[in-house]
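Raw contents of start_19.pdb, PDB, C-alpha atoms:
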ATOM      1  CA  MET X  15      62.829 128.050 308.129
ATOM      2  CA  LYS X  16      59.547 129.665 308.899
ATOM      3  CA  LEU X  17      57.287 130.071 305.884
ATOM      4  CA  HIS X  18      54.046 131.880 305.220
ATOM      5  CA  LEU X  19      51.893 129.898 302.830
ATOM      6  CA  LYS X  20      48.893 131.043 300.830
ATOM      7  CA  ILE X  21      47.187 127.925 299.502
ATOM      8  CA  TRP X  22      44.125 127.526 297.302
ATOM      9  CA  ARG X  23      41.381 125.578 299.087
ATOM     10  CA  GLN X  24      38.301 124.364 297.230
ATOM     11  CA  LYS X  25      35.924 121.705 298.507
ATOM     12  CA  ASP X  26      34.884 120.403 295.085
ATOM     13  CA  ALA X  27      34.375 121.408 291.474
ATOM     14  CA  SER X  28      31.065 123.139 292.147
ATOM     15  CA  THR X  29      32.153 125.071 295.250
ATOM     16  CA  LYS X  30      33.811 128.474 295.126
ATOM     17  CA  GLY X  31      37.414 128.334 296.333
ATOM     18  CA  GLN X  32      39.636 130.803 298.176
ATOM     19  CA  MET X  33      43.195 131.385 299.316
ATOM     20  CA  VAL X  34      43.860 130.315 302.917
ATOM     21  CA  ASP X  35      46.865 131.440 304.978
ATOM     22  CA  TYR X  36      49.084 128.979 306.843
ATOM     23  CA  THR X  37      52.319 129.399 308.778
ATOM     24  CA  LEU X  38      54.760 126.504 308.896
ATOM     25  CA  ASP X  39      57.842 126.490 311.135
ATOM     26  CA  GLY X  40      60.816 124.137 311.238
ATOM     27  CA  VAL X  41      61.077 123.618 307.483
ATOM     28  CA  GLU X  42      64.490 122.202 306.536
ATOM     29  CA  SER X  43      66.292 123.207 303.345
ATOM     30  CA  ASP X  44      66.821 119.573 302.313
ATOM     31  CA  MET X  45      63.100 118.833 302.289
ATOM     32  CA  SER X  46      61.345 118.525 298.959
ATOM     33  CA  PHE X  47      58.411 120.839 298.346
ATOM     34  CA  LEU X  48      55.985 117.941 298.628
ATOM     35  CA  GLU X  49      57.556 116.836 301.903
ATOM     36  CA  MET X  50      56.920 120.332 303.196
ATOM     37  CA  LEU X  51      53.250 119.961 302.241
ATOM     38  CA  ASP X  52      53.188 116.530 303.917
ATOM     39  CA  ILE X  53      54.357 118.110 307.184
ATOM     40  CA  LEU X  54      51.741 120.853 306.891
ATOM     41  CA  ASN X  55      49.066 118.211 306.373
ATOM     42  CA  GLU X  56      50.255 116.282 309.436
ATOM     43  CA  GLU X  57      49.829 119.449 311.494
ATOM     44  CA  LEU X  58      46.357 120.054 310.055
ATOM     45  CA  ILE X  59      45.277 116.478 310.763
ATOM     46  CA  SER X  60      46.591 116.682 314.332
ATOM     47  CA  LYS X  61      44.382 119.761 314.814
ATOM     48  CA  GLY X  62      41.371 117.955 313.405
ATOM     49  CA  GLU X  63      41.385 120.054 310.238
ATOM     50  CA  GLU X  64      40.954 118.930 306.645
ATOM     51  CA  PRO X  65      44.334 118.192 304.966
ATOM     52  CA  ILE X  66      45.260 119.850 301.693
ATOM     53  CA  GLU X  67      44.653 117.646 298.665
ATOM     54  CA  PHE X  68      47.418 117.630 296.057
ATOM     55  CA  ASP X  69      48.510 115.249 293.298
ATOM     56  CA  HIS X  70      51.674 113.150 293.559
ATOM     57  CA  ASP X  71      52.860 109.669 292.692
ATOM     58  CA  CYS X  72      56.451 108.736 291.791
ATOM     59  CA  ARG X  73      58.120 111.797 293.357
ATOM     60  CA  GLU X  74      61.002 111.275 290.922
ATOM     61  CA  GLY X  75      60.071 113.686 288.122
ATOM     62  CA  ILE X  76      58.816 110.908 285.865
ATOM     63  CA  CYS X  77      55.062 110.453 286.170
ATOM     64  CA  GLY X  78      53.908 114.053 285.604
ATOM     65  CA  THR X  79      51.350 113.808 288.393
ATOM     66  CA  CYS X  80      52.517 116.666 290.628
ATOM     67  CA  SER X  81      51.142 119.929 289.300
ATOM     68  CA  LEU X  82      51.348 123.096 291.351
ATOM     69  CA  GLN X  83      51.561 126.755 290.437
ATOM     70  CA  ILE X  84      54.103 128.170 292.902
ATOM     71  CA  ASN X  85      54.438 131.937 293.135
ATOM     72  CA  GLY X  86      52.918 132.201 289.677
ATOM     73  CA  ARG X  87      55.173 129.636 287.984
ATOM     74  CA  PRO X  88      54.348 126.038 287.057
ATOM     75  CA  HIS X  89      56.486 123.699 289.188
ATOM     76  CA  GLY X  90      58.074 126.652 291.010
ATOM     77  CA  PRO X  91      61.103 128.927 290.626
ATOM     78  CA  ASP X  92      63.623 126.409 289.273
ATOM     79  CA  THR X  93      63.758 125.225 285.653
ATOM     80  CA  MET X  94      63.725 121.746 284.113
ATOM     81  CA  ILE X  95      62.255 120.129 287.226
ATOM     82  CA  THR X  96      58.853 119.055 288.510
ATOM     83  CA  VAL X  97      57.378 120.072 291.871
ATOM     84  CA  CYS X  98      58.535 116.832 293.478
ATOM     85  CA  GLN X  99      62.131 117.666 292.506
ATOM     86  CA  LEU X 100      61.909 121.184 293.940
ATOM     87  CA  HIS X 101      63.649 121.536 297.312
ATOM     88  CA  MET X 102      63.110 124.080 300.037
ATOM     89  CA  ARG X 103      66.669 125.367 299.624
ATOM     90  CA  SER X 104      65.167 127.403 296.773
ATOM     91  CA  PHE X 105      63.340 129.500 299.392
ATOM     92  CA  ASN X 106      64.408 131.676 302.309
ATOM     93  CA  ASP X 107      63.330 132.014 305.918
ATOM     94  CA  GLY X 108      60.258 134.219 306.156
ATOM     95  CA  ASP X 109      59.251 133.806 302.514
ATOM     96  CA  GLU X 110      55.623 133.971 301.446
ATOM     97  CA  ILE X 111      54.755 131.174 299.026
ATOM     98  CA  VAL X 112      51.557 131.223 296.988
ATOM     99  CA  ILE X 113      50.414 127.736 295.919
ATOM    100  CA  GLU X 114      47.643 127.250 293.376
ATOM    101  CA  PRO X 115      46.365 124.535 291.025
ATOM    102  CA  TRP X 116      46.798 124.733 287.247
ATOM    103  CA  ARG X 117      44.510 127.442 285.881
ATOM    104  CA  ALA X 118      42.791 126.386 282.646
ATOM    105  CA  LYS X 119      39.219 125.824 281.497
ATOM    106  CA  ALA X 120      40.186 122.367 280.255
ATOM    107  CA  PHE X 121      41.711 121.505 283.661
ATOM    108  CA  PRO X 122      38.801 121.968 286.110
ATOM    109  CA  VAL X 123      39.622 121.830 289.800
ATOM    110  CA  ILE X 124      38.539 118.607 291.511
ATOM    111  CA  LYS X 125      39.556 119.590 295.034
ATOM    112  CA  ASP X 126      42.089 122.047 296.480
ATOM    113  CA  LEU X 127      45.226 121.713 294.331
ATOM    114  CA  ILE X 128      44.066 118.735 292.247
ATOM    115  CA  VAL X 129      42.816 119.320 288.706
ATOM    116  CA  ASP X 130      41.223 116.985 286.190
ATOM    117  CA  ARG X 131      43.758 116.436 283.387
ATOM    118  CA  SER X 132      41.807 113.708 281.628
ATOM    119  CA  ALA X 133      41.603 116.029 278.606
ATOM    120  CA  PHE X 134      45.199 115.020 277.902
ATOM    121  CA  ASP X 135      44.202 111.353 278.027
ATOM    122  CA  ARG X 136      41.480 111.935 275.451
ATOM    123  CA  ILE X 137      43.887 113.745 273.129
ATOM    124  CA  GLN X 138      46.276 110.797 273.428
ATOM    125  CA  GLN X 139      43.485 108.313 272.817
ATOM    126  CA  ALA X 140      42.471 110.187 269.669
ATOM    127  CA  GLY X 141      45.676 109.191 267.883
ATOM    128  CA  GLY X 142      48.754 109.001 270.081
ATOM    129  CA  TYR X 143      49.613 105.412 269.196
ATOM    130  CA  ILE X 144      50.530 103.105 266.307
ATOM    131  CA  SER X 145      48.443 100.129 265.211
ATOM    132  CA  VAL X 146      50.695  97.070 265.298
ATOM    133  CA  ASN X 147      50.228  93.415 266.119
ATOM    134  CA  THR X 148      52.162  92.682 269.302
ATOM    135  CA  SER X 149      50.521  89.353 270.108
ATOM    136  CA  GLY X 150      52.933  86.461 270.171
ATOM    137  CA  ARG X 151      55.487  87.435 267.536
ATOM    138  CA  PRO X 152      56.638  91.028 268.011
ATOM    139  CA  VAL X 153      59.075  92.326 265.414
ATOM    140  CA  ASP X 154      62.445  93.485 266.693
ATOM    141  CA  ALA X 155      62.511  97.288 266.629
ATOM    142  CA  ASN X 156      66.077  97.234 265.363
ATOM    143  CA  THR X 157      65.032  95.685 262.043
ATOM    144  CA  ILE X 158      64.253  99.195 260.729
ATOM    145  CA  PRO X 159      67.386 101.371 260.807
ATOM    146  CA  ILE X 160      66.752 104.932 262.012
ATOM    147  CA  LYS X 161      69.274 107.744 261.658
ATOM    148  CA  LYS X 162      70.562 108.736 265.079
ATOM    149  CA  HIS X 163      69.590 112.408 264.897
ATOM    150  CA  ILE X 164      66.022 111.413 263.972
ATOM    151  CA  ALA X 165      65.834 108.831 266.751
ATOM    152  CA  ASP X 166      67.185 111.394 269.228
ATOM    153  CA  THR X 167      64.648 114.024 268.151
ATOM    154  CA  ALA X 168      61.799 111.520 268.461
ATOM    155  CA  MET X 169      63.032 110.525 271.906
ATOM    156  CA  ASP X 170      63.223 114.166 272.963
ATOM    157  CA  ALA X 171      59.543 114.553 272.055
ATOM    158  CA  ALA X 172      58.674 111.295 273.823
ATOM    159  CA  THR X 173      60.078 112.579 277.122
ATOM    160  CA  CYS X 174      56.906 114.658 277.601
ATOM    161  CA  ILE X 175      55.336 113.468 280.859
ATOM    162  CA  GLY X 176      51.955 115.138 280.319
ATOM    163  CA  CYS X 177      52.127 117.214 283.484
ATOM    164  CA  GLY X 178      50.285 120.191 281.970
ATOM    165  CA  ALA X 179      52.840 122.862 282.855
ATOM    166  CA  CYS X 180      52.741 124.071 279.254
ATOM    167  CA  VAL X 181      49.013 124.752 279.559
ATOM    168  CA  ALA X 182      49.412 126.432 282.956
ATOM    169  CA  ALA X 183      52.205 128.674 281.654
ATOM    170  CA  CYS X 184      50.392 129.742 278.487
ATOM    171  CA  LYS X 185      48.330 132.942 278.591
ATOM    172  CA  ASN X 186      45.878 131.183 276.258
ATOM    173  CA  ALA X 187      45.938 127.839 278.106
ATOM    174  CA  SER X 188      47.076 126.169 274.890
ATOM    175  CA  ALA X 189      47.917 122.466 274.734
ATOM    176  CA  MET X 190      49.884 122.772 271.501
ATOM    177  CA  LEU X 191      53.226 121.802 273.068
ATOM    178  CA  PHE X 192      51.802 118.644 274.630
ATOM    179  CA  THR X 193      49.880 117.611 271.527
ATOM    180  CA  SER X 194      52.774 118.366 269.186
ATOM    181  CA  ALA X 195      55.169 116.304 271.303
ATOM    182  CA  LYS X 196      52.830 113.323 271.091
ATOM    183  CA  VAL X 197      52.419 113.826 267.331
ATOM    184  CA  SER X 198      56.168 114.296 266.756
ATOM    185  CA  GLN X 199      57.353 111.200 268.569
ATOM    186  CA  PHE X 200      55.487 109.110 265.975
ATOM    187  CA  ALA X 201      55.679 111.365 262.915
ATOM    188  CA  LEU X 202      59.473 111.246 262.944
ATOM    189  CA  LEU X 203      59.642 107.452 262.792
ATOM    190  CA  PRO X 204      58.645 105.128 259.931
ATOM    191  CA  GLN X 205      56.406 103.091 262.263
ATOM    192  CA  GLY X 206      54.297 106.191 262.878
ATOM    193  CA  GLN X 207      54.148 107.552 259.364
ATOM    194  CA  VAL X 208      51.536 105.043 258.151
ATOM    195  CA  GLU X 209      48.795 106.660 260.253
ATOM    196  CA  ALA X 210      50.330 110.149 260.360
ATOM    197  CA  PRO X 211      47.564 112.063 258.479
ATOM    198  CA  GLU X 212      44.733 110.616 260.557
ATOM    199  CA  ARG X 213      46.727 110.959 263.779
ATOM    200  CA  VAL X 214      47.458 114.671 263.557
ATOM    201  CA  GLN X 215      43.955 115.582 262.403
ATOM    202  CA  ASN X 216      42.274 113.535 265.124
ATOM    203  CA  MET X 217      44.526 114.760 267.918
ATOM    204  CA  VAL X 218      44.226 118.428 266.922
ATOM    205  CA  ARG X 219      40.451 118.049 266.606
ATOM    206  CA  GLN X 220      40.241 116.535 270.095
ATOM    207  CA  MET X 221      42.508 119.239 271.507
ATOM    208  CA  ASP X 222      40.134 121.892 270.195
ATOM    209  CA  LEU X 223      37.090 120.035 271.513
ATOM    210  CA  GLU X 224      38.593 119.985 275.001
ATOM    211  CA  GLY X 225      38.567 123.781 275.108
ATOM    212  CA  PHE X 226      42.278 124.558 275.070
ATOM    213  CA  GLY X 227      43.308 127.940 273.691
ATOM    214  CA  ASN X 228      45.302 128.731 270.569
ATOM    215  CA  CYS X 229      49.074 129.093 270.364
ATOM    216  CA  THR X 230      50.397 132.627 269.830
ATOM    217  CA  ASN X 231      54.103 131.685 269.919
ATOM    218  CA  THR X 232      54.869 133.331 273.258
ATOM    219  CA  GLY X 233      57.193 130.475 274.207
ATOM    220  CA  ALA X 234      56.304 130.307 277.909
ATOM    221  CA  CYS X 235      55.405 126.634 277.489
ATOM    222  CA  GLU X 236      58.918 125.627 276.457
ATOM    223  CA  ILE X 237      60.501 127.688 279.249
ATOM    224  CA  GLU X 238      58.371 126.097 281.966
ATOM    225  CA  CYS X 239      58.347 122.538 280.598
ATOM    226  CA  PRO X 240      60.244 120.319 283.080
ATOM    227  CA  LYS X 241      61.497 118.169 280.198
ATOM    228  CA  GLY X 242      62.466 121.021 277.878
ATOM    229  CA  ILE X 243      60.114 120.029 275.056
ATOM    230  CA  SER X 244      60.990 122.287 272.115
ATOM    231  CA  LEU X 245      58.703 124.662 270.208
ATOM    232  CA  GLU X 246      60.048 122.970 267.090
ATOM    233  CA  ASN X 247      57.474 120.259 267.779
ATOM    234  CA  ILE X 248      54.650 122.774 267.335
ATOM    235  CA  ALA X 249      56.097 123.817 263.982
ATOM    236  CA  ARG X 250      56.357 120.149 262.984
ATOM    237  CA  MET X 251      52.759 119.463 263.984
ATOM    238  CA  ASN X 252      51.568 122.473 261.977
ATOM    239  CA  ARG X 253      53.382 121.121 258.914
ATOM    240  CA  GLU X 254      51.955 117.656 259.503
ATOM    241  CA  TYR X 255      48.452 119.087 259.890
ATOM    242  CA  LEU X 256      48.701 121.238 256.754
ATOM    243  CA  SER X 257      50.003 118.305 254.745
ATOM    244  CA  ALA X 258      47.261 116.011 256.032
ATOM    245  CA  THR X 259      44.446 118.466 255.263
ATOM    246  CA  VAL X 260      45.765 119.236 251.767
ATOM    247  CA  LYS X 261      46.058 115.543 250.929
ATOM    248  CA  GLY X 262      42.813 114.728 252.743
TER
END

Whole structure, structure tokens version:
Amino acid sequence: MKLHLKIWRQKDASTKGQMVDYTLDGVESDMSFLEMLDILNEELISKGEEPIEFDHDCREGICGTCSLQINGRPHGPDTMITVCQLHMRSFNDGDEIVIEPWRAKAFPVIKDLIVDRSAFDRIQQAGGYISVNTSGRPVDANTIPIKKHIADTAMDAATCIGCGACVAACKNASAMLFTSAKVSQFALLPQGQVEAPERVQNMVRQMDLEGFGNCTNTGACEIECPKGISLENIARMNREYLSATVKG
């Protein structure tokens, strides 16, 4: 395949960026999207040009590192996958593909297609954990029976990989889906209920401090989430937050 690529290039956070056109020939349908970018970078390097910077790590849809807006959609045209799982068979010969970084105030561009998602780390650090003693004599998790449907729902929330697609998809750049998934995975289980009031208040407070927008229930976040995190988590977090503030 021969593809026409429009890729966002930006030297650093303080430099104004722009779209740059590239043409890439010989792209095979079995290549992953990131492999296609690897080949483009090899061509650029061979010409003495600066390669395109983009995030990647596991390339297995697990780490949440890859984060590209492809033709206006987070992670590209397919659903329930990350960029690294997207293959070029999803495109046709002669296609124009527009590739951009996540667009959100809380995700500033570092260089080219790489954004700073440390805001998510700070939200997690604000309360996304349980305080237990794990030194030397850990207690078997199976000593506290959990109903299967509750355990399954908690696990569904825990599958969030923190990629940021929910923020990129939202017209308000809201992080409610991410934050609510991290709140829910603990709120549903007895181990997490001890610190539940402080957790939800601290994580929501940090989310607001990071500059994310508000949720207006559009639902784009759930549609574009590669792990299918449900909007039900946002409703659960709202209930947890209301309960915590009333009791507070």

Tell me which residues come within 9 Å of (37.4, 121.5, 288.4), as a list of chain:residue names, counting all atoms listed in the file in the file's coordinates.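 Protein and nucleic acid residues near the point are X:Asp26, X:Ala27, X:Ser28, X:Lys119, X:Ala120, X:Phe121, X:Pro122, X:Val123, X:Ile124, X:Lys125, X:Ile128, X:Val129, X:Asp130.
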
Quick one: write out the picked residues with C-alpha atoms as a PDB file, keeping the file's coordinate frame?
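Result went into selection-v5.pdb, see below:
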ATOM      1  CA  ASP X  26      34.884 120.403 295.085  1.00  0.00           C
ATOM      2  CA  ALA X  27      34.375 121.408 291.474  1.00  0.00           C
ATOM      3  CA  SER X  28      31.065 123.139 292.147  1.00  0.00           C
ATOM      4  CA  LYS X 119      39.219 125.824 281.497  1.00  0.00           C
ATOM      5  CA  ALA X 120      40.186 122.367 280.255  1.00  0.00           C
ATOM      6  CA  PHE X 121      41.711 121.505 283.661  1.00  0.00           C
ATOM      7  CA  PRO X 122      38.801 121.968 286.110  1.00  0.00           C
ATOM      8  CA  VAL X 123      39.622 121.830 289.800  1.00  0.00           C
ATOM      9  CA  ILE X 124      38.539 118.607 291.511  1.00  0.00           C
ATOM     10  CA  LYS X 125      39.556 119.590 295.034  1.00  0.00           C
ATOM     11  CA  ILE X 128      44.066 118.735 292.247  1.00  0.00           C
ATOM     12  CA  VAL X 129      42.816 119.320 288.706  1.00  0.00           C
ATOM     13  CA  ASP X 130      41.223 116.985 286.190  1.00  0.00           C
TER      14      ASP X 130
END

Can you work out which one of X:Leu54, X:Cys235, X:Cys77, X:Val214 has the shortest atom-to-atom distance to X:Thr93, counting only C-alpha atoms?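 Going through X:Leu54, X:Cys235, X:Cys77, X:Val214 one by one, the smallest distance to X:Thr93 is for X:Cys235.
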
Polymer residues at most 7 Å from X:His18, all atoms listed in the file, same-chain spacing of 3 or more positions, as a PyMOL selection string: chain X and resi 36-38+108-111

Residues selected by the PyMOL selection byres ((chain X and resi 175) around 7), written as a PyMOL selection string: chain X and resi 76-78+173-174+176-177

Just C-alpha atoms for this one: save the residues we selected as a CSV table (one decimal), keeping the file's coordinate frame.
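What follows is the written file result-v3.csv:
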chain,number,residue,atom,x,y,z
X,76,ILE,CA,58.8,110.9,285.9
X,77,CYS,CA,55.1,110.5,286.2
X,78,GLY,CA,53.9,114.1,285.6
X,173,THR,CA,60.1,112.6,277.1
X,174,CYS,CA,56.9,114.7,277.6
X,176,GLY,CA,52.0,115.1,280.3
X,177,CYS,CA,52.1,117.2,283.5

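When only C-alpha atoms are used to measure the gap to X:Ile95, the shortest distance among X:Glu74, X:Glu246, X:Glu224, X:Glu42 belongs to X:Glu74.
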
Residue among X:Thr79, X:Ser188, X:Gln139, X:Gln24 lying closest to X:Glu64, counting all atoms listed in the file: X:Gln24

Expressed in Å to a single decimal, how great is the separation between atom CA of X:Asn106 and atom CA of X:Met15?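 It comes out at 7.0 Å.
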
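Closest to X:Ile237 among X:Gly225, X:Gly75, X:Pro88, X:Gly62 is X:Pro88, based on only C-alpha atoms.
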